[in-house]
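K.L.:
Input file: structure-v9.pdb. Contents: PDB, C-alpha atoms and all ligand atoms.
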```pdb
ATOM      1  CA  MET A   1      49.173  45.257 113.775
ATOM      2  CA  LYS A   2      51.108  43.821 110.818
ATOM      3  CA  THR A   3      53.384  40.818 111.317
ATOM      4  CA  LEU A   4      56.858  40.365 109.853
ATOM      5  CA  LEU A   5      58.243  36.836 109.819
ATOM      6  CA  ILE A   6      61.995  36.270 109.553
ATOM      7  CA  VAL A   7      62.908  32.655 108.762
ATOM      8  CA  PHE A   8      66.527  31.600 108.500
ATOM      9  CA  HIS A   9      68.957  28.740 108.736
ATOM     10  CA  THR A  10      72.576  28.785 109.740
ATOM     11  CA  GLY A  11      75.096  25.971 109.790
ATOM     12  CA  GLY A  12      77.564  28.116 111.665
ATOM     13  CA  VAL A  13      77.313  31.757 112.619
ATOM     14  CA  LYS A  14      77.298  33.984 109.576
ATOM     15  CA  THR A  15      73.661  33.808 108.511
ATOM     16  CA  ALA A  16      72.649  33.934 112.174
ATOM     17  CA  ARG A  17      74.531  37.213 112.616
ATOM     18  CA  MET A  18      72.874  38.572 109.494
ATOM     19  CA  ALA A  19      69.483  37.482 110.859
ATOM     20  CA  GLU A  20      70.198  39.233 114.171
ATOM     21  CA  ALA A  21      70.980  42.432 112.284
ATOM     22  CA  VAL A  22      67.797  42.183 110.200
ATOM     23  CA  GLU A  23      65.802  41.581 113.377
ATOM     24  CA  ARG A  24      67.483  44.490 115.170
ATOM     25  CA  GLY A  25      66.506  46.802 112.333
ATOM     26  CA  ALA A  26      62.964  45.458 112.132
ATOM     27  CA  ARG A  27      62.420  45.968 115.864
ATOM     28  CA  THR A  28      63.071  49.693 115.507
ATOM     29  CA  GLU A  29      59.599  49.822 113.966
ATOM     30  CA  THR A  30      57.306  49.495 116.954
ATOM     31  CA  GLY A  31      54.160  49.273 114.859
ATOM     32  CA  VAL A  32      55.027  45.814 113.544
ATOM     33  CA  LYS A  33      55.109  42.457 115.306
ATOM     34  CA  VAL A  34      58.412  40.747 114.487
ATOM     35  CA  ILE A  35      58.695  36.957 114.686
ATOM     36  CA  VAL A  36      62.018  35.191 114.130
ATOM     37  CA  LYS A  37      62.199  31.441 113.546
ATOM     38  CA  ARG A  38      64.726  28.892 112.406
ATOM     39  CA  CYS A  39      63.669  27.008 109.281
ATOM     40  CA  ALA A  40      63.253  23.813 111.303
ATOM     41  CA  ASP A  41      60.762  25.515 113.630
ATOM     42  CA  ALA A  42      58.695  27.354 111.008
ATOM     43  CA  GLY A  43      55.804  26.046 108.968
ATOM     44  CA  PRO A  44      52.960  27.062 106.699
ATOM     45  CA  GLU A  45      50.863  28.450 109.553
ATOM     46  CA  ASP A  46      53.621  30.982 110.296
ATOM     47  CA  VAL A  47      53.806  32.079 106.681
ATOM     48  CA  LEU A  48      50.034  32.344 106.296
ATOM     49  CA  ALA A  49      49.811  34.472 109.451
ATOM     50  CA  ALA A  50      52.547  36.874 108.337
ATOM     51  CA  ASP A  51      52.077  40.012 106.259
ATOM     52  CA  GLY A  52      55.678  39.900 105.060
ATOM     53  CA  LEU A  53      58.516  37.392 104.937
ATOM     54  CA  ILE A  54      62.287  37.768 105.105
ATOM     55  CA  LEU A  55      64.287  34.625 104.357
ATOM     56  CA  GLY A  56      67.919  33.975 105.254
ATOM     57  CA  THR A  57      70.057  31.054 104.121
ATOM     58  CA  PRO A  58      73.667  30.046 103.665
ATOM     59  CA  GLU A  59      74.734  29.035 100.170
ATOM     60  CA  ASN A  60      75.666  25.371 100.169
ATOM     61  CA  PHE A  61      76.817  23.597  97.009
ATOM     62  CA  GLY A  62      75.598  26.453  94.851
ATOM     63  CA  TYR A  63      72.089  26.292  96.261
ATOM     64  CA  MET A  64      70.055  27.347  99.296
ATOM     65  CA  SER A  65      70.746  25.276 102.410
ATOM     66  CA  GLY A  66      68.958  21.968 102.771
ATOM     67  CA  MET A  67      67.023  23.283 105.766
ATOM     68  CA  MET A  68      65.694  26.254 103.783
ATOM     69  CA  LYS A  69      64.703  23.905 100.979
ATOM     70  CA  ASP A  70      62.925  21.669 103.493
ATOM     71  CA  PHE A  71      61.073  24.678 104.888
ATOM     72  CA  LEU A  72      59.992  25.843 101.429
ATOM     73  CA  GLU A  73      58.934  22.310 100.480
ATOM     74  CA  ARG A  74      56.740  22.137 103.586
ATOM     75  CA  VAL A  75      55.097  25.513 103.049
ATOM     76  CA  PHE A  76      54.790  25.686  99.256
ATOM     77  CA  TYR A  77      51.537  23.890  98.543
ATOM     78  CA  ALA A  78      49.926  24.954 101.812
ATOM     79  CA  CYS A  79      50.558  28.603 100.941
ATOM     80  CA  GLU A  80      50.307  28.572  97.151
ATOM     81  CA  GLY A  81      47.600  30.993  96.032
ATOM     82  CA  LYS A  82      47.114  32.331  99.578
ATOM     83  CA  VAL A  83      50.035  34.743  99.875
ATOM     84  CA  ASN A  84      50.008  36.353  96.441
ATOM     85  CA  GLY A  85      51.582  39.792  96.406
ATOM     86  CA  ARG A  86      52.901  39.714  99.955
ATOM     87  CA  PRO A  87      56.344  41.299 100.285
ATOM     88  CA  TYR A  88      59.507  39.280 100.787
ATOM     89  CA  ALA A  89      63.247  39.815 100.923
ATOM     90  CA  LEU A  90      66.281  37.554 101.137
ATOM     91  CA  PHE A  91      69.727  37.512 102.715
ATOM     92  CA  VAL A  92      72.441  34.950 102.034
ATOM     93  CA  GLY A  93      75.596  34.007 103.921
ATOM     94  CA  ALA A  94      78.140  32.631 101.456
ATOM     95  CA  GLY A  95      81.821  31.963 100.998
ATOM     96  CA  GLN A  96      82.710  33.395  97.609
ATOM     97  CA  ASP A  97      79.525  33.364  95.523
ATOM     98  CA  GLY A  98      75.946  33.363  96.858
ATOM     99  CA  SER A  99      74.224  33.668  93.495
ATOM    100  CA  GLY A 100      73.089  30.033  93.451
ATOM    101  CA  ALA A 101      71.275  30.461  96.753
ATOM    102  CA  VAL A 102      69.600  33.620  95.482
ATOM    103  CA  THR A 103      68.490  32.016  92.208
ATOM    104  CA  SER A 104      67.175  28.897  93.893
ATOM    105  CA  VAL A 105      65.101  30.788  96.467
ATOM    106  CA  GLU A 106      63.823  33.288  93.921
ATOM    107  CA  ARG A 107      62.594  30.541  91.612
ATOM    108  CA  ILE A 108      60.465  29.063  94.382
ATOM    109  CA  VAL A 109      59.046  32.271  95.811
ATOM    110  CA  LEU A 110      58.134  33.255  92.260
ATOM    111  CA  GLY A 111      55.740  30.308  92.373
ATOM    112  CA  LEU A 112      54.266  31.679  95.586
ATOM    113  CA  ARG A 113      53.757  35.023  93.818
ATOM    114  CA  LEU A 114      55.570  36.875  96.586
ATOM    115  CA  ASN A 115      56.619  40.422  95.818
ATOM    116  CA  LYS A 116      60.355  41.180  96.064
ATOM    117  CA  VAL A 117      60.651  44.546  97.789
ATOM    118  CA  HIS A 118      64.425  44.606  98.343
ATOM    119  CA  GLU A 119      67.424  43.279  96.436
ATOM    120  CA  PRO A 120      69.024  40.216  98.083
ATOM    121  CA  ILE A 121      71.880  40.910 100.484
ATOM    122  CA  ILE A 122      74.837  38.542 100.100
ATOM    123  CA  GLY A 123      77.434  38.374 102.859
ATOM    124  CA  LEU A 124      80.679  36.967 101.426
ATOM    125  CA  LYS A 125      83.758  35.678 103.277
ATOM    126  CA  ASP A 126      84.077  37.574 106.552
ATOM    127  CA  LEU A 127      81.057  39.631 107.479
ATOM    128  CA  THR A 128      81.805  43.333 107.276
ATOM    129  CA  PRO A 129      80.162  46.044 109.360
ATOM    130  CA  GLU A 130      78.761  47.350 106.074
ATOM    131  CA  ILE A 131      76.934  44.095 105.319
ATOM    132  CA  LEU A 132      75.512  43.997 108.836
ATOM    133  CA  LYS A 133      74.424  47.611 108.441
ATOM    134  CA  ASN A 134      72.735  46.696 105.144
ATOM    135  CA  CYS A 135      70.937  43.857 106.919
ATOM    136  CA  GLU A 136      69.820  46.193 109.684
ATOM    137  CA  GLU A 137      68.560  48.702 107.131
ATOM    138  CA  LEU A 138      66.722  45.946 105.288
ATOM    139  CA  GLY A 139      64.881  44.986 108.469
ATOM    140  CA  ALA A 140      64.055  48.587 109.300
ATOM    141  CA  ALA A 141      62.873  49.478 105.785
ATOM    142  CA  PHE A 142      60.830  46.298 105.440
ATOM    143  CA  ALA A 143      59.103  46.808 108.779
ATOM    144  CA  ALA A 144      58.476  50.482 108.079
ATOM    145  CA  GLY A 145      56.975  49.604 104.709
ATOM    146  CA  LEU A 146      54.646  47.109 106.371
ATOM    147  CA  ALA A 147      53.646  49.571 109.083
ATOM    148  CA  MET A 148      52.896  52.293 106.539
ATOM    149  CA  GLY A 149      51.080  49.910 104.233
ATOM    150  CA  VAL A 150      53.246  50.741 101.229
ATOM    151  CA  PHE A 151      53.656  47.099 100.134
TER     152      PHE A 151
HETATM  153  C1  LIG A 201      78.739  22.046 102.582
HETATM  154  C2  LIG A 201      79.051  23.476 102.250
HETATM  155  C3  LIG A 201      78.898  23.919 100.955
HETATM  156  C4  LIG A 201      79.187  25.245 100.622
HETATM  157  N1  LIG A 201      78.978  25.668  99.346
HETATM  158  C5  LIG A 201      79.196  26.970  99.035
HETATM  159  C6  LIG A 201      78.912  27.454  97.737
HETATM  160  O1  LIG A 201      78.473  26.734  96.861
HETATM  161  N2  LIG A 201      79.140  28.782  97.494
HETATM  162  C7  LIG A 201      79.630  29.637  98.449
HETATM  163  O2  LIG A 201      79.803  30.821  98.160
HETATM  164  N3  LIG A 201      79.892  29.197  99.705
HETATM  165  C8  LIG A 201      79.688  27.900 100.006
HETATM  166  N4  LIG A 201      79.938  27.453 101.284
HETATM  167  C9  LIG A 201      80.391  28.394 102.297
HETATM  168  C10 LIG A 201      79.225  28.855 103.128
HETATM  169  O3  LIG A 201      78.193  29.401 102.338
HETATM  170  C11 LIG A 201      79.686  29.925 104.096
HETATM  171  O4  LIG A 201      80.622  29.351 104.988
HETATM  172  C12 LIG A 201      78.554  30.559 104.885
HETATM  173  O5  LIG A 201      79.087  31.613 105.600
HETATM  174  C13 LIG A 201      77.893  29.605 105.842
HETATM  175  O6  LIG A 201      76.947  30.337 106.568
HETATM  176  P1  LIG A 201      76.585  29.922 108.066
HETATM  177  O7  LIG A 201      77.791  30.249 108.909
HETATM  178  O8  LIG A 201      75.390  30.726 108.407
HETATM  179  O9  LIG A 201      76.289  28.459 108.037
HETATM  180  C14 LIG A 201      79.672  26.118 101.615
HETATM  181  C15 LIG A 201      79.842  25.647 102.937
HETATM  182  C16 LIG A 201      79.539  24.351 103.242
HETATM  183  C17 LIG A 201      79.707  23.865 104.667
END
```
For this file, write the structure as structure tokens.
P.N.:
Amino acid sequence: MKTLLIVFHTGGVKTARMAEAVERGARTETGVKVIVKRCADAGPEDVLAADGLILGTPENFGYMSGMMKDFLERVFYACEGKVNGRPYALFVGAGQDGSGAVTSVERIVLGLRLNKVHEPIIGLKDLTPEILKNCEELGAAFAAGLAMGVF
């Protein structure tokens, strides 16, 4: 059975609610094992064991959150060259922008040679039902893609 790892940080509630929606969608695919971890609790062994990775972070100071950066710093060299081509996706909880978080994460996962299989989802200001639905659909589509072996 394929494994989908969802790793996120939240300083409040928004990115956590987005993560819950992604997880809810992913769990509709029964053929995939879904693991959800906070950045602080996840490490290289989790990434190496996963067939796909979905990352979630707030945008802080025009960048990914410090906890997401810490997570990526801890996993980068341990995983470099060992996860080439594996699928990933990203969701961002932001106030009015979100693009800095996207750019900063994308630059790093480029170095890991991960394969972006979905455009980043950015939740701005107050979370709308539409954004949460998009997150749920992301989780479902990602998990289905893993189960069917399309990535
Ligand atoms: C220290 C700090 C810096 C922030 N910087 C940005 C920023 O650069 N761009 C932006 O769009 N929102 C920014 N925000 C707003 C957060 O991204 C937004 O509140 C987000 O929903 C937080 O997600 P969370 O509730 O999961 O922690 C910042 C918030 C904090 C606390």
K.L.:
Taking only C-alpha atoms and all ligand atoms into account, report as a ChimeraX atom specification which residues have an atom no farther than 6 Å from an atom of ligand LIG 201 (chain A).
P.N.:
/A:10-16,58-62,93-98
K.L.:
Take the residues that were just selected and, keeping C-alpha atoms, output them as a PDB file, in the coordinates of the input.
P.N.:
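The resulting result-v5.pdb:
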```pdb
ATOM      1  CA  THR A  10      72.576  28.785 109.740  1.00  0.00           C
ATOM      2  CA  GLY A  11      75.096  25.971 109.790  1.00  0.00           C
ATOM      3  CA  GLY A  12      77.564  28.116 111.665  1.00  0.00           C
ATOM      4  CA  VAL A  13      77.313  31.757 112.619  1.00  0.00           C
ATOM      5  CA  LYS A  14      77.298  33.984 109.576  1.00  0.00           C
ATOM      6  CA  THR A  15      73.661  33.808 108.511  1.00  0.00           C
ATOM      7  CA  ALA A  16      72.649  33.934 112.174  1.00  0.00           C
ATOM      8  CA  PRO A  58      73.667  30.046 103.665  1.00  0.00           C
ATOM      9  CA  GLU A  59      74.734  29.035 100.170  1.00  0.00           C
ATOM     10  CA  ASN A  60      75.666  25.371 100.169  1.00  0.00           C
ATOM     11  CA  PHE A  61      76.817  23.597  97.009  1.00  0.00           C
ATOM     12  CA  GLY A  62      75.598  26.453  94.851  1.00  0.00           C
ATOM     13  CA  GLY A  93      75.596  34.007 103.921  1.00  0.00           C
ATOM     14  CA  ALA A  94      78.140  32.631 101.456  1.00  0.00           C
ATOM     15  CA  GLY A  95      81.821  31.963 100.998  1.00  0.00           C
ATOM     16  CA  GLN A  96      82.710  33.395  97.609  1.00  0.00           C
ATOM     17  CA  ASP A  97      79.525  33.364  95.523  1.00  0.00           C
ATOM     18  CA  GLY A  98      75.946  33.363  96.858  1.00  0.00           C
TER      19      GLY A  98
END
```
K.L.:
Once you count only C-alpha atoms, which residues end up no further than 12 Å from (79.2, 40.0, 108.6) in the file's frame, shown as a VMD selection string?
P.N.:
chain A and resid 13 to 22 91 to 95 121 to 136
K.L.:
Taking the file above as input, evaluate the PyMOL selection byres (((chain A and resi 44-46) around 7) and not hetatm) and report the hits as a ChimeraX atom specification.
P.N.:
/A:42-43,47-50,74-75,78-79
K.L.:
Which residue is closest to Arg86 of chain A? Choose from A:Ala26, A:Leu138, A:Met68, A:Val150 and count all atoms listed in the file.
P.N.:
A:Val150
K.L.:
What is the atom CA of Val32 of chain A-atom CA of Leu146 of chain A distance in Å, reported with one decimal?
P.N.:
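Computed distance, atom CA of Val32 of chain A to atom CA of Leu146 of chain A, equals 7.3 Å.
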K.L.:
Report, in Å to a single decimal, how far apart atom CA of Leu55 of chain A and atom CA of Leu72 of chain A are.
P.N.:
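Atom-to-atom, atom CA of Leu72 of chain A and atom CA of Leu55 of chain A are spaced 10.2 Å apart.
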K.L.:
What would the selection look like, as a PyMOL selection string, if the PyMOL selection byres (((chain A and resi 147) around 8) and not hetatm) were run on the coordinates I just shared?
P.N.:
chain A and resi 1-2+29+31-32+143-146+148-150
K.L.:
Of the candidates A:Ala141, A:Arg24, A:Gly81, A:Ala101, which one gets nearest to Arg113 of chain A if we count all atoms listed in the file?
P.N.:
A:Gly81
K.L.:
Grab the atom CA of Leu90 of chain A to atom CA of Thr30 of chain A distance for me, in Å with one decimal place.
P.N.:
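Atom-to-atom, atom CA of Leu90 of chain A to atom CA of Thr30 of chain A, that is 21.8 Å.
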K.L.:
Given the choices A:Leu53, A:Leu4, A:Val83, A:Val117, which gets closest to Phe151 of chain A if the distance is worked out from all atoms listed in the file?
P.N.:
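The closest residue to Phe151 of chain A is A:Val117.
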K.L.:
Can you tell me, as a PyMOL selection string, what residues are no more than 6 Å from Leu114 of chain A when counting only C-alpha atoms, ignoring any on the same chain fewer than 6 positions away?
P.N.:
chain A and resi 84-87
K.L.:
Might you pull out every residue within 7 Å of Ile54 of chain A, with only C-alpha atoms counted and same-chain residues fewer than 6 positions away left off, and present them as a list in words?
P.N.:
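Counting only C-alpha atoms, the residues come to Leu5, Ile6, Val7, Tyr88, Ala89 and Leu90 of chain A.
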K.L.:
Centre and edge lengths of an axis-aligned box around all listed atoms of segment 72-88 of chain A, with 6 Å added on each side, are to be given in Å to one decimal, as AutoDock Vina command-line options.
P.N.:
```
--center_x 53.6 --center_y 31.7 --center_z 99.8 --size_x 24.9 --size_y 31.2 --size_z 19.6
```
